[in-house]
Amino acid sequence: MMHTVFRRLFPMVAWLLAAGGGLAVAPAVAQVPAVDAPSSSANPLADLASMTYQPKAGTQGTIRLAGSSTLQQAAAQWAYGFVKIHPQAECSVASNSSEAGWQSLVDGTADIALMSRPVTDAEKAAWEQKSNKRLVVVVAAFDRLVWIVHPANPVTELPWSPETGILRPTSKDNAATTEALAATHWDRLNGSAEWKDVPIRVHGRGLGSGTRWHMDRLLTGATSCQLAIAEHKTEAELAEAIAADRGGLGLVGDEHAHWPGVKRLPLVIPANAAPLADAVVGSDRTPDCRPLFLAVAVPKEGSMLPQVREFMEYVLSYSGQLDVAKDALLPLTRGEIHAQKELLGWSMAR
Amino acid sequence: MWATCVPRVSAVLSRFVNRFSRMNWIISTIMKCLQFAAFRSMASLSSVVLAGLFLAPGMSAAQDARVRDTVAASAVPSARPATLPLGIMAQNTAAGVEVVSVNPGSVAQASGLQTGDTIVNVAGYQVGMVGDRLYDVGDELARRVDSAGRVPLLVRNGRTGGLVSMPVQFGTASRAINGVLNAPQGLQVPPTSVITVRLLDVTEPQWRDVALTQGQLPVARGFPVSYRLDPPAPTPAHRYAVDARVEDAGHVLLQTTSPVTLASLDREQRIDLTLAGQAAPAPTAVVPSAQIQQWIQTYLGRPPRPYETEVWLADLQQGKSLADVQAGILSSSEYFERQRSNRDLYVTDVFRQLYGVPPTPAQLADLQARYDRTQGVRLPFVQQLQQQQQPR
């Protein structure tokens, strides 16, 4: 919030000086900081109500979406809403994983990849080499993640830092293993001597999952420490495993974290934490808010397919964000939507 | 003295702004260290006040007083214009919004903006990239413009590097649509009812619910009620219309019999609307909000979360049906997770919820095949089942 206040304060001083040549009496204007970020109790869609979808007549053609199961339901709602307005268009959704969605985009069997993790630099580089198209990756929604532990665990919060995550590896060596972790047993996190012999056992989704990508990063921060993780196919299985494991620690989507027999834990983010290197442009959400991406292939010397562009317009409108909220994901703010349109090269006209 | 003083001050300011831009990351860090709860609550309160008092461009204070009870004066953000077009092509930077080109005949050109200039702030509110956030100049113009269509910009001149305060005047020729909503005489609707007036794009026949802007107001003092809508810039060759409805708990009580077509959107116009219908739903009618809450409780095993029912009611306003809402909940990730993300458990439970009985082995085999045909995408699977009147 202070960010917003400073944003007002500095230019206001400059404006007052410039307007009056530095000598005029400052007008008695009480500048009020705007509130752009939604609070948890306010309807985040209220501020988007004027960002209506303005359809283009005669839209037709096929739009193929593939990727993350986290975005499956939102994608299905987008497809349904879009085709309802444009009956001449056809939308297909294939749901598997971020990894598979990316492969479909690379293979040319999808127009839009649904990704619950960012596209890596290696993937981008391979894309540039192989494809004669350019890649545009925008955020379409956010998903709040929450940590779960066994209910008997006295831990009340998980302190986190962008550098070393929760488990605080002491080495930044790529070959670092769990041996390098400062926190290997629960007493280091819950402060209880009774838990000094209880190792922290991490439970997560499979490697192709975007949730897993975020979990690795939240656990060990910017280090590349490799962890031994018990993998589970679904969040239900993961939650059951935690409920049965006194030393278990797992990460699930907030909207699904109502499993019996587990305890939810807040992630404590230091106020002075530097922004993450891959923070979403135009957003200041905390790291436990996972961005969900759409990756789109665009011809290098041309523009996006008209029906794909129209679809993206729909996604980045009130209607598209309403679809996001229907599956308990977090819609974008106005500022975030503008930033994504900027990435797509759209909102240049002012 | 002024002649020598002003350029000097301007040069000092220019250096200050340049330095400020370079120091953005430092400021950003400091700001994150200084997050006070008091500031947060004060800002929330202020924003509500601002939203409630918003005046559309071109409206005088007297006009505002007159329409205070109208639909457009409600504290619904959709009633305000989304953006005000300056008529520039621009690039967002950390120093502000850099003007790439200026459209001939635009507000920007009339104000003196030139290619290469940078808009540093709008009425004192910085625009462009601030730290890692984007503050859109169009949004800021819509927020800060006064009732006479004026708003000051602080601009760094692209040629001299000097800072200038540049007043911008948006056209006072309003394109507002206003009029009166009439209902059958003596009709009393529940005090919890809400009036919605929408500007629709009706270019294609199926676009019955493509609302470009809308205003909402609780029914407090009965009818007639005056309304005002500020339309966005029209798309060439598109056709527009206005309609209105009165809803209570998602149930449409009164509405215009058909949308009133507009000849154009390029001038202010008065469109009076007549509502028809009944003051109360039939006793046997399903009340949408109650139905949605019941589905959430039954299918998801919990009461609705804050604004969850609102989201689904907003979906109905977008032209979706209650069946669409039911399909949305039954295909949600949460419902699927409750069935342990297992195909067989999921299709069995959806069948049971829709038909009240578990599927026979033959029906289960059919459900599994249907689910696989939709490649595990649940929404079309549920919609197909809903369309089937009787289980096979």
# chains A, B, ... in the order shown; residues from 1 in each chain; ligands from 1
$ residues_around --residues "B:Pro224" --least-positions-apart "2" --cutoff "8 Å" --atoms "only C-alpha atoms" --output "list in words"
Val180, Leu181, Asn182, Ala183, Gly222 and Ser226 of chain B
$ residues_around --residues "A:Glu90" --least-positions-apart "5" --cutoff "7 Å" --atoms "only C-alpha atoms" --output "list in words"
Gly61, Thr62, Ile63 and Val83 of chain A
$ write_last_selection --atoms "N, CA and C atoms" --output "PDB file, in the first residue's frame"
ATOM      1  N   GLY A  61     -13.456 -20.009 -36.873  1.00  0.00           N
ATOM      2  CA  GLY A  61     -12.195 -20.746 -36.879  1.00  0.00           C
ATOM      3  C   GLY A  61     -12.043 -21.586 -35.623  1.00  0.00           C
ATOM      4  N   THR A  62     -10.939 -22.296 -35.560  1.00  0.00           N
ATOM      5  CA  THR A  62     -10.714 -23.230 -34.465  1.00  0.00           C
ATOM      6  C   THR A  62      -9.683 -22.681 -33.488  1.00  0.00           C
ATOM      7  N   ILE A  63      -9.933 -22.918 -32.219  1.00  0.00           N
ATOM      8  CA  ILE A  63      -8.962 -22.557 -31.167  1.00  0.00           C
ATOM      9  C   ILE A  63      -8.725 -23.820 -30.344  1.00  0.00           C
ATOM     10  N   VAL A  83     -17.855 -19.639 -27.413  1.00  0.00           N
ATOM     11  CA  VAL A  83     -18.617 -20.227 -28.532  1.00  0.00           C
ATOM     12  C   VAL A  83     -20.089 -19.824 -28.461  1.00  0.00           C
TER      13      VAL A  83
END
$ residues_around --residues "B:Gln297" --least-positions-apart "5" --cutoff "12 Å" --atoms "only C-alpha atoms" --output "list in words"
Ala290, Gln291, Ile292, Arg302, Pro303, Pro304, Arg305, Glu308, Thr309, Ile329, Leu330 and Tyr335 of chain B
$ select_by_dssp --residues "stretch 100-236 of chain B" --states "strand (DSSP E or B)" --output "PyMOL selection string"
chain B and resi 100-102+118-122+125-126+128-130+133-135+150-156+163-169+177-182+194-201+211-218+225-229
